[in-house]
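Student: So that we are looking at the same thing, I have put the structure below in structure tokens.
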Amino acid sequence: MRAIALIAGAAVAGCSLDSGPSKEPENDSENDAATVSLTFDDTFIDQKAALDLLDQRGMHATFYVNSERIGSSGALSADELLDAQSNGHEIAGHTIGHVNLPTLEPDEQRRRVCDDRVALIDMGFTVTSFAYPFGASDELSEQIVAECGYNSARDIGGKSSPVPPPDPYLVRSAPSVDPETTVEDLEGYVTAAEPDRAWVPIVFHHVCDGCSTIGVAPDTLEAFLDWLDSRGTQVLTVDEVIGGDLQPPVAGPPAVPRRGAGRTGQPASR
């Protein structure tokens with residue numbers, strides 16, 4: 001029912017949700033029965049370590065970025081992200097301001113989601129995938145993500161998704177990786193999905209030794225990538241799994257000046 005509501009909502013908005021069939025990964029071996037997507041959230045500059053590890057192994061990941069953070073202190077730059085895209089990595093949307101969407105009014109949600117995608121496309125990125133900040137969503141936010149031109153949206157939790165996912169705007173993932181997550185935990189997410197030939201998006205944030213409660217140590221990430229590589233596990237970006245055409249950018253509604261504000265948006269002088 002939720003997917004039907006999304007399709008109906010996009011039709012009302014004049015947007016197409018026909019992103020084409022999700023790609024059924026072609027798995028030929030027992031160890032390739034699951035598909036893994038490595039996803040990195042929040043534009044953190046220490047994710048350069050992940051890019052280096054991935055590029056050394058010819059693996060590609062999805063980076064969910066916030067447009068207004070790009071180039072700011074502690075964040076990846078536009079040039080770094082464009083280089084990543086040219087090397088086969090996917091750059092995806094994550095809202096302006098990393099906001100909890102269901103707590104906002106509908107038009108503000110649209111501004112945060114749609115205008116973020118517009119800004120990323122204007123920077124030269126091919127943006128088809130989205131991730132909910134904090135993994136927070138409801139039926140309205142899912143519909144808005146679709147209206148803004150995204151082909152999918154990733155949640156957090158649930159460990160894995162079928163291929164194709166029953167709702168591309170509520171893609172389930174493994175729990176967010178933190179310093180307590182071991183290589184064995186990461187391997188377990190994959191092996192648990194193999195009997196069902198499922199898709200395992202894995203959520204990373206910081207890539208560092210002990211710098212954050214939502215960080216993974218580079219050594220842990222490197223060992224996991226080597227394990228995936230040694231087993232021949234299929235590693236795809238989110239866009240490669242979901243498929244679909246690049247939708248045109250859709251701007252959010254104009255901001256409404258606060259009551260009592262002047263033309264600049266600042267409180268009017270008395």
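Just so we're on the same page: first chain in the structure tokens is A, next is B, and so on; residues restart at 1 for each chain, and ligands are numbered from 1 in the order they show up.
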Excluding range 65-77 of chain A and residues on its chain fewer than 2 positions from it, collect all residues at most 12 Å away from it, counting only C-alpha atoms, and give them as a PyMOL selection string.
Tutor: chain A and resi 39-49+51+62-63+79-84+90-99+112-125+127+129-133+205-206
Student: Which parts of range 45-230 of chain A does DSSP call strand (DSSP E) when run on the backbone here, written out as a ChimeraX atom specification?
Tutor: /A:62-65,90-93,129-131,152-158,171-173,199-204,206-207,215-216
Student: Taking the DSSP secondary structure from the backbone, can you list the residues of range 24-261 of chain A that are helix (DSSP H, G or I), as an MDAnalysis selection string?
Tutor: chainID A and resid 30:32 45:57 67:69 78:86 101:103 106:122 133:135 139:147 183:196 218:231 238:242
Student: Just the residues within 12 Å of Asp138 in chain A, please, counting only C-alpha atoms, with nothing from its chain fewer than 4 positions along; format it as a list in words.
Tutor: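 After dropping sequence-adjacent residues, the list is Arg2, Ala5, Leu6, Asn100, Leu101, Pro102, Thr103, Leu104, Pro106, Gln109, Tyr132, Glu142, Gln143, Ile144, Val145, Ala153, Asp155, Tyr169 and Leu170 of chain A.
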Student: Could you work out how far CA of Glu240 in chain A lies from CA of Gly215 in chain A, giving the answer in Å with one decimal?
Tutor: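 That distance, rounded to one decimal, is 25.7 Å.
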